[in-house]
Amino acid sequence: MYRTAVSSLAIALSAPAVAQETTGPDDGEVRAEQIADERRENPVDSIIVVGGRIDPYRIAGSADLIDSEDLRRFDHGDVNRVLRQVPGVNTQEEDGFGLFPNIGLRGSPVERSSNITLMEDGVLIAPAPYAAPAAYYFPAIGRMQAVEVTKGAAAIRYGPRTIGGAVNLRSTDIPTDGLAGYASGQYGSRDYYQGQAWVGGDTDYVGALLETYQQGSDGFKTIDGLPDADTGFERQDYRGRLAVHTAPDAPVEARLEFVYGRSDLEANETYLGLADTDFAAEPYRRYAASQRDAFSGEHDQYRVTGSLAFSDGTRITATLYRNDFARSWSKLQDIDFDGDGSFDSISSVFVNPEDNAGALSILRGADSFEGAVRIRNNNRVYRSEGAQISLERPFEMGGARHNLAVSVRYHEDEEDRLQNEEFYSQIGGDLVFERQTDLGQQANREAKAKAIAFYIEDRIEIGALTLTPGLRYEGIDLTRLDYAGSDPDRSNGPTRVRQTNIDQWLPGLGATYELGDAILLAGVSRGFSPPGPGNPDARAEESWNYEAGVRYRSDKVQVSAIGFYNDYSNLLGNCTQSVGCSVGDIGDQFNGGAVTVKGLELSAAVEPRLSNSVSFPLSLAYTFTDAEFDSSFDSEFFGDVNEGDDLPYIARHQLYVEAGVNMGRAAATVGANYVSELRDNPGSGAVAENERIDDRIVFDIAGSYALTDKFSLFARVDNVLDNQYAVSRRPFGLRPGVPRRIVGGARVSF
């Protein structure tokens, strides 16, 4: 599997040396200075492949940057509220706090963000990106200094999942100008709190940073019969960075950085929603049967990065990384509603609540049969580790400017499930423990992945035209090992071993053409997402992705319009409890056949000024998405699908508008987010009421006042009008968005 990739890598690494022979010393010096200027003027860290910097405006593809100023305007702790300002991003809210985000790009399925490439500082950060990518761990958005979203032809460098694109979260860097520090804190409704503090500095040879981020709330739901029960969460993040480097005037910039991070999350969250009539009466209610649902997660992050930057613009970056994540989510699985000894699906209650009145009353707190309530302890341990090295080299050849980027990554990850179940009786609205199964009887298996990824790209500038051809290779070995439920220590070895080998080449070509302040762009790329381990019948998810558009940027206005067309030869459906899957095993995948996703992404920003100190910033992001199945079929996962049916949970229209005023030390901003109606199942035409998530518009407002250059006060109101709206019917009934939340706080820096 790896021989072809290694040979190609050797050829690619030799290319800069050959090209250098054709480059005159004067041209090389000029180009090196230009690269250095670009890095200074455009402080946007590119990710994974290139260790240098690039202006997203000039990327041959869709690229959006949310910088620290954008993030601090509202200072949200919910990534859903942050990403809605980027066109082409689909999100499905779940818990009201962004703890378990569901993110898709350009119509890719949103469940658990498993169809995008998710990174922190250019390193894969999903619990097991190949073997089990469902993001039950998601980095805290409140501690990030920037977010990058890349789609289209520019995204194939950020595999393994290249159909929708990539999201890279950039954490706090070590300050470069001596000793510095920052602290912010906010407190508000229902004991919501959010705080960040860091201190760090840099000398001629050593830099360091210590940081903490804290977030929590008592929650906004009330459990039937337990009005004082906590339905909130607590998150604690601690992080340290240490770097040694050469002096600023050294001929070669050398840097070695160590990063360690620890994140803990405790959340009293549930998958259980409400029947339509109950939601209409009280959307923030929680049924009594969910009272023992709780999540616990611990994440450890290790990273060592070394880099060399030469005077001619060449840059080499190497990273070793490891992420360990352990989670346990005890939550209601099913109930023996009629006492016949067999457990019944909860989802059937919400399909037709009128015919399941007795079952619904048990969910609400009525007495059950003995041991009839089954709670599954979803224990999982994840490991993800690897090494990646990248080379960037500018040169000139044949009258054209080149910037060659080469990267190779070796990666291993695994998911370990050793789960059991507990059985309760519901008596007088309380769940009373009866018994539990032995560890491993519910699930006892491992999923493992080994992968080597290789990427080469050449950015070729010929006058106003820039071509960016690229090629990615993914070689993946997937293994699933099933063990007997009576063998928790696995001393008898696996009862079944299933293996899958994948070799995939992914070409891409992007092009831009500069016309004054405008840039025309177009791209074509091969999209790919690997199947999971243990799914011999599941084919890889593949597509051809096309895009074309225009960007315009002047001193007064920025505008972007990009059309996209993604032609899937096969869409995969992932069986997870979060989507209410009741067929096969959790983790299984199902083929959805051909799918077409097409749409339009629009963004614009302008800031009229009355004077040097008074301005009125205005921006918008709009996405139109049309996602349809191209064939008719009957699937135990997708259901009865007809050609032309819309994909579920992909909004046809999304709009986000921000309008603000800046007046010297004071600033205020209003944000409005509109999402058109969603459907819970594939279908076409009008959406049935019991399958519809209604459209919504939600307003947020934020303001700040700088008392000094280093100290400011701020306040924010989320959901200003206190709209009561549903975000999902999956997996068991309607679940609400967050009600009005008022917070206030302060920021200080030195």
# chains A, B, ... in the order shown; residues from 1 in each chain; ligands from 1

call {"tool": "residues_around", "arguments": {"residues": "A:Gly386", "least_positions_apart": "3", "cutoff": "12 Å", "atoms": "only C-alpha atoms", "output": "PyMOL selection string"}}
result
chain A and resi 123-125+128-129+302-304+318-323+383+389+408-413+449-453

call {"tool": "closest_atom_pairs", "arguments": {"of": "stretch 609-650 of chain A", "to": "stretch 545-567 of chain A", "cutoff": "12 Å", "atoms": "only C-alpha atoms", "output": "CSV"}}
result
residue,atom,partner,partner_atom,distance
A:Arg609,CA,A:Lys556,CA,9.6
A:Ser615,CA,A:Lys556,CA,11.6
A:Phe616,CA,A:Lys556,CA,11.7
A:Pro617,CA,A:Val557,CA,10.2
A:Leu618,CA,A:Val557,CA,9.8
A:Ser619,CA,A:Gln558,CA,9.1
A:Leu620,CA,A:Val559,CA,9.6
A:Ala621,CA,A:Ser560,CA,9.4
A:Tyr622,CA,A:Ala561,CA,9.6
A:Thr623,CA,A:Gly563,CA,9.8
A:Phe624,CA,A:Gly563,CA,9.3
A:Thr625,CA,A:Phe564,CA,9.2
A:Asp626,CA,A:Tyr565,CA,9.5
A:Ala627,CA,A:Asn566,CA,9.2
A:Glu628,CA,A:Asp567,CA,10.3
A:Phe629,CA,A:Asp567,CA,10.5
A:Asp630,CA,A:Asp567,CA,9.7

call {"tool": "write_last_selection", "arguments": {"atoms": "N, CA and C atoms", "output": "PDB file, in the first residue's frame"}}
result
ATOM      1  N   ARG A 609     -18.193  55.026   7.336  1.00  0.00           N
ATOM      2  CA  ARG A 609     -17.653  55.842   8.428  1.00  0.00           C
ATOM      3  C   ARG A 609     -18.216  57.253   8.379  1.00  0.00           C
ATOM      4  N   SER A 615     -18.142  54.428  13.077  1.00  0.00           N
ATOM      5  CA  SER A 615     -18.357  53.601  11.890  1.00  0.00           C
ATOM      6  C   SER A 615     -19.519  52.657  12.132  1.00  0.00           C
ATOM      7  N   PHE A 616     -20.023  52.086  11.037  1.00  0.00           N
ATOM      8  CA  PHE A 616     -21.190  51.211  11.102  1.00  0.00           C
ATOM      9  C   PHE A 616     -20.903  49.924  10.322  1.00  0.00           C
ATOM     10  N   PRO A 617     -20.212  48.974  10.927  1.00  0.00           N
ATOM     11  CA  PRO A 617     -19.897  47.719  10.222  1.00  0.00           C
ATOM     12  C   PRO A 617     -21.152  46.902   9.943  1.00  0.00           C
ATOM     13  N   LEU A 618     -21.211  46.347   8.745  1.00  0.00           N
ATOM     14  CA  LEU A 618     -22.331  45.524   8.328  1.00  0.00           C
ATOM     15  C   LEU A 618     -21.788  44.339   7.533  1.00  0.00           C
ATOM     16  N   SER A 619     -22.256  43.138   7.853  1.00  0.00           N
ATOM     17  CA  SER A 619     -21.806  41.952   7.129  1.00  0.00           C
ATOM     18  C   SER A 619     -22.943  40.954   7.025  1.00  0.00           C
ATOM     19  N   LEU A 620     -22.840  40.073   6.030  1.00  0.00           N
ATOM     20  CA  LEU A 620     -23.826  39.012   5.878  1.00  0.00           C
ATOM     21  C   LEU A 620     -23.169  37.778   5.299  1.00  0.00           C
ATOM     22  N   ALA A 621     -23.769  36.641   5.591  1.00  0.00           N
ATOM     23  CA  ALA A 621     -23.357  35.358   5.022  1.00  0.00           C
ATOM     24  C   ALA A 621     -24.630  34.594   4.689  1.00  0.00           C
ATOM     25  N   TYR A 622     -24.764  34.205   3.416  1.00  0.00           N
ATOM     26  CA  TYR A 622     -25.964  33.498   2.967  1.00  0.00           C
ATOM     27  C   TYR A 622     -25.552  32.212   2.261  1.00  0.00           C
ATOM     28  N   THR A 623     -26.303  31.140   2.516  1.00  0.00           N
ATOM     29  CA  THR A 623     -26.052  29.859   1.868  1.00  0.00           C
ATOM     30  C   THR A 623     -27.360  29.284   1.341  1.00  0.00           C
ATOM     31  N   PHE A 624     -27.332  28.927   0.065  1.00  0.00           N
ATOM     32  CA  PHE A 624     -28.417  28.145  -0.534  1.00  0.00           C
ATOM     33  C   PHE A 624     -27.882  26.749  -0.809  1.00  0.00           C
ATOM     34  N   THR A 625     -28.592  25.719  -0.345  1.00  0.00           N
ATOM     35  CA  THR A 625     -28.155  24.337  -0.527  1.00  0.00           C
ATOM     36  C   THR A 625     -29.313  23.488  -1.014  1.00  0.00           C
ATOM     37  N   ASP A 626     -29.070  22.772  -2.100  1.00  0.00           N
ATOM     38  CA  ASP A 626     -30.039  21.834  -2.655  1.00  0.00           C
ATOM     39  C   ASP A 626     -29.370  20.464  -2.674  1.00  0.00           C
ATOM     40  N   ALA A 627     -29.749  19.573  -1.758  1.00  0.00           N
ATOM     41  CA  ALA A 627     -29.121  18.257  -1.607  1.00  0.00           C
ATOM     42  C   ALA A 627     -30.170  17.179  -1.833  1.00  0.00           C
ATOM     43  N   GLU A 628     -29.971  16.342  -2.884  1.00  0.00           N
ATOM     44  CA  GLU A 628     -30.971  15.363  -3.270  1.00  0.00           C
ATOM     45  C   GLU A 628     -30.358  13.998  -3.547  1.00  0.00           C
ATOM     46  N   PHE A 629     -31.131  12.956  -3.255  1.00  0.00           N
ATOM     47  CA  PHE A 629     -30.779  11.606  -3.680  1.00  0.00           C
ATOM     48  C   PHE A 629     -31.046  11.472  -5.183  1.00  0.00           C
ATOM     49  N   ASP A 630     -30.154  10.769  -5.878  1.00  0.00           N
ATOM     50  CA  ASP A 630     -30.284  10.613  -7.324  1.00  0.00           C
ATOM     51  C   ASP A 630     -30.874   9.276  -7.742  1.00  0.00           C
TER      52      ASP A 630
END

call {"tool": "select_by_dssp", "arguments": {"residues": "stretch 557-701 of chain A", "states": "strand (DSSP E)", "output": "ChimeraX atom specification"}}
result
/A:557-570,572-574,589-591,595-606,614-615,618-629,633-635,639-641,653-663,666-675,678-679,692-693,696-701

call {"tool": "atom_distance", "arguments": {"atom1": "atom CA of A:Ile476", "atom2": "atom CA of A:Arg112"}}
result
21.8 Å

call {"tool": "residues_around", "arguments": {"residues": "A:Met144", "least_positions_apart": "5", "cutoff": "8 Å", "atoms": "only C-alpha atoms", "output": "list of chain:residue names"}}
result
A:Ser68, A:Leu169, A:Arg170, A:Ser171, A:Thr172

call {"tool": "residues_around", "arguments": {"residues": "A:Glu370", "least_positions_apart": "2", "cutoff": "9 Å", "atoms": "only C-alpha atoms", "output": "PyMOL selection string"}}
result
chain A and resi 339+368+372-373+423-426+434

call {"tool": "residues_around", "arguments": {"residues": "stretch 497-502 of chain A", "least_positions_apart": "5", "cutoff": "12 Å", "atoms": "only C-alpha atoms", "output": "PyMOL selection string"}}
result
chain A and resi 1-2+130-131+160+445-453+473-483+528-541

call {"tool": "write_last_selection", "arguments": {"atoms": "N, CA, C and O atoms", "output": "short mmCIF file (atom, residue, chain, number, x, y, z; two decimals), in the first residue's frame"}}
result
data_model
loop_
_atom_site.label_atom_id
_atom_site.label_comp_id
_atom_site.auth_asym_id
_atom_site.auth_seq_id
_atom_site.Cartn_x
_atom_site.Cartn_y
_atom_site.Cartn_z
N MET A 1 0.82 -1.22 0.00
CA MET A 1 0.00 0.00 0.00
C MET A 1 0.85 1.26 0.00
O MET A 1 0.49 2.27 -0.58
N TYR A 2 2.01 1.22 0.69
CA TYR A 2 2.78 2.44 0.90
C TYR A 2 3.86 2.66 -0.15
O TYR A 2 4.43 3.74 -0.23
N TYR A 130 -9.91 8.35 11.81
CA TYR A 130 -10.14 7.32 10.79
C TYR A 130 -11.08 6.23 11.29
O TYR A 130 -12.03 5.85 10.60
N ALA A 131 -10.82 5.69 12.48
CA ALA A 131 -11.57 4.54 12.97
C ALA A 131 -12.94 4.92 13.52
O ALA A 131 -13.90 4.15 13.40
N PRO A 160 -8.40 13.19 6.31
CA PRO A 160 -8.85 12.27 5.28
C PRO A 160 -10.19 12.61 4.62
O PRO A 160 -10.51 12.05 3.58
N ARG A 445 -15.40 -4.54 21.94
CA ARG A 445 -14.75 -4.54 20.63
C ARG A 445 -13.77 -3.39 20.50
O ARG A 445 -13.81 -2.42 21.27
N GLU A 446 -12.89 -3.52 19.52
CA GLU A 446 -11.93 -2.49 19.19
C GLU A 446 -12.03 -2.17 17.70
O GLU A 446 -12.26 -3.06 16.88
N ALA A 447 -11.83 -0.91 17.38
CA ALA A 447 -11.72 -0.48 15.99
C ALA A 447 -10.38 0.23 15.86
O ALA A 447 -10.06 1.13 16.65
N LYS A 448 -9.58 -0.17 14.88
CA LYS A 448 -8.23 0.37 14.73
C LYS A 448 -8.02 0.84 13.30
O LYS A 448 -8.60 0.30 12.35
N ALA A 449 -7.15 1.84 13.17
CA ALA A 449 -6.80 2.35 11.84
C ALA A 449 -5.32 2.72 11.80
O ALA A 449 -4.78 3.25 12.78
N LYS A 450 -4.70 2.41 10.68
CA LYS A 450 -3.35 2.88 10.36
C LYS A 450 -3.42 3.54 8.99
O LYS A 450 -4.03 2.99 8.07
N ALA A 451 -2.82 4.69 8.88
CA ALA A 451 -2.94 5.42 7.62
C ALA A 451 -1.65 6.17 7.31
O ALA A 451 -0.99 6.70 8.22
N ILE A 452 -1.31 6.22 6.03
CA ILE A 452 -0.26 7.11 5.56
C ILE A 452 -0.88 8.02 4.52
O ILE A 452 -1.62 7.56 3.63
N ALA A 453 -0.67 9.29 4.68
CA ALA A 453 -1.23 10.29 3.77
C ALA A 453 -0.11 11.12 3.19
O ALA A 453 0.83 11.50 3.91
N TYR A 473 -2.80 11.41 -1.49
CA TYR A 473 -2.91 9.96 -1.41
C TYR A 473 -3.30 9.57 0.02
O TYR A 473 -2.75 10.11 0.98
N GLU A 474 -4.25 8.66 0.14
CA GLU A 474 -4.64 8.10 1.43
C GLU A 474 -4.53 6.58 1.34
O GLU A 474 -5.24 5.94 0.54
N GLY A 475 -3.64 6.01 2.13
CA GLY A 475 -3.54 4.56 2.25
C GLY A 475 -3.93 4.17 3.66
O GLY A 475 -3.29 4.57 4.64
N ILE A 476 -5.01 3.39 3.79
CA ILE A 476 -5.63 3.15 5.09
C ILE A 476 -5.84 1.66 5.32
O ILE A 476 -6.36 0.96 4.44
N ASP A 477 -5.45 1.19 6.47
CA ASP A 477 -5.75 -0.17 6.93
C ASP A 477 -6.69 -0.06 8.12
O ASP A 477 -6.34 0.54 9.15
N LEU A 478 -7.89 -0.64 7.99
CA LEU A 478 -8.90 -0.60 9.04
C LEU A 478 -9.14 -2.01 9.58
O LEU A 478 -9.23 -2.97 8.80
N THR A 479 -9.25 -2.12 10.89
CA THR A 479 -9.45 -3.42 11.53
C THR A 479 -10.48 -3.28 12.64
O THR A 479 -10.44 -2.34 13.42
N ARG A 480 -11.39 -4.23 12.66
CA ARG A 480 -12.33 -4.31 13.79
C ARG A 480 -12.20 -5.68 14.43
O ARG A 480 -12.24 -6.71 13.75
N LEU A 481 -12.05 -5.68 15.75
CA LEU A 481 -11.91 -6.91 16.52
C LEU A 481 -13.07 -7.02 17.49
O LEU A 481 -13.26 -6.13 18.35
N ASP A 482 -13.85 -8.08 17.37
CA ASP A 482 -14.97 -8.33 18.27
C ASP A 482 -14.58 -9.42 19.27
O ASP A 482 -14.01 -10.45 18.88
N TYR A 483 -14.90 -9.17 20.54
CA TYR A 483 -14.60 -10.12 21.61
C TYR A 483 -15.89 -10.60 22.24
O TYR A 483 -16.93 -9.92 22.18
N PHE A 528 -13.55 12.53 -0.83
CA PHE A 528 -13.40 11.18 -0.29
C PHE A 528 -13.61 11.19 1.21
O PHE A 528 -13.16 12.10 1.92
N SER A 529 -14.31 10.16 1.70
CA SER A 529 -14.38 9.87 3.12
C SER A 529 -14.31 8.36 3.27
O SER A 529 -15.07 7.63 2.62
N PRO A 530 -13.40 7.85 4.10
CA PRO A 530 -13.26 6.40 4.22
C PRO A 530 -14.41 5.78 4.98
O PRO A 530 -15.02 6.42 5.85
N PRO A 531 -14.73 4.51 4.68
CA PRO A 531 -15.71 3.80 5.50
C PRO A 531 -15.11 3.45 6.85
O PRO A 531 -13.89 3.52 7.05
N GLY A 532 -15.94 3.06 7.79
CA GLY A 532 -15.45 2.68 9.10
C GLY A 532 -15.00 1.23 9.14
O GLY A 532 -15.30 0.44 8.23
N PRO A 533 -14.28 0.84 10.18
CA PRO A 533 -13.84 -0.55 10.32
C PRO A 533 -15.04 -1.49 10.49
O PRO A 533 -16.06 -1.12 11.06
N GLY A 534 -14.89 -2.70 9.97
CA GLY A 534 -15.91 -3.72 10.19
C GLY A 534 -17.13 -3.58 9.34
O GLY A 534 -18.19 -4.13 9.67
N ASN A 535 -17.05 -2.85 8.23
CA ASN A 535 -18.19 -2.66 7.35
C ASN A 535 -17.83 -3.13 5.94
O ASN A 535 -17.57 -2.31 5.05
N PRO A 536 -17.76 -4.42 5.69
CA PRO A 536 -17.31 -4.91 4.39
C PRO A 536 -18.21 -4.52 3.24
O PRO A 536 -17.77 -4.46 2.09
N ASP A 537 -19.49 -4.26 3.51
CA ASP A 537 -20.42 -3.90 2.44
C ASP A 537 -20.48 -2.40 2.19
O ASP A 537 -21.09 -1.96 1.21
N ALA A 538 -19.90 -1.63 3.07
CA ALA A 538 -19.94 -0.17 2.93
C ALA A 538 -18.80 0.29 2.03
O ALA A 538 -17.64 0.00 2.28
N ARG A 539 -19.16 1.00 0.97
CA ARG A 539 -18.16 1.56 0.07
C ARG A 539 -17.69 2.91 0.60
O ARG A 539 -18.39 3.57 1.36
N ALA A 540 -16.51 3.31 0.17
CA ALA A 540 -16.02 4.64 0.55
C ALA A 540 -16.98 5.70 0.01
O ALA A 540 -17.65 5.50 -1.02
N GLU A 541 -17.05 6.80 0.70
CA GLU A 541 -17.85 7.93 0.23
C GLU A 541 -16.99 8.72 -0.75
O GLU A 541 -15.89 9.17 -0.40
#

call {"tool": "atom_distance", "arguments": {"atom1": "atom CA of A:Leu520", "atom2": "atom CA of A:Leu467"}}
result
11.8 Å

call {"tool": "atom_distance", "arguments": {"atom1": "atom CA of A:Ala522", "atom2": "atom CA of A:Ile650"}}
result
24.4 Å
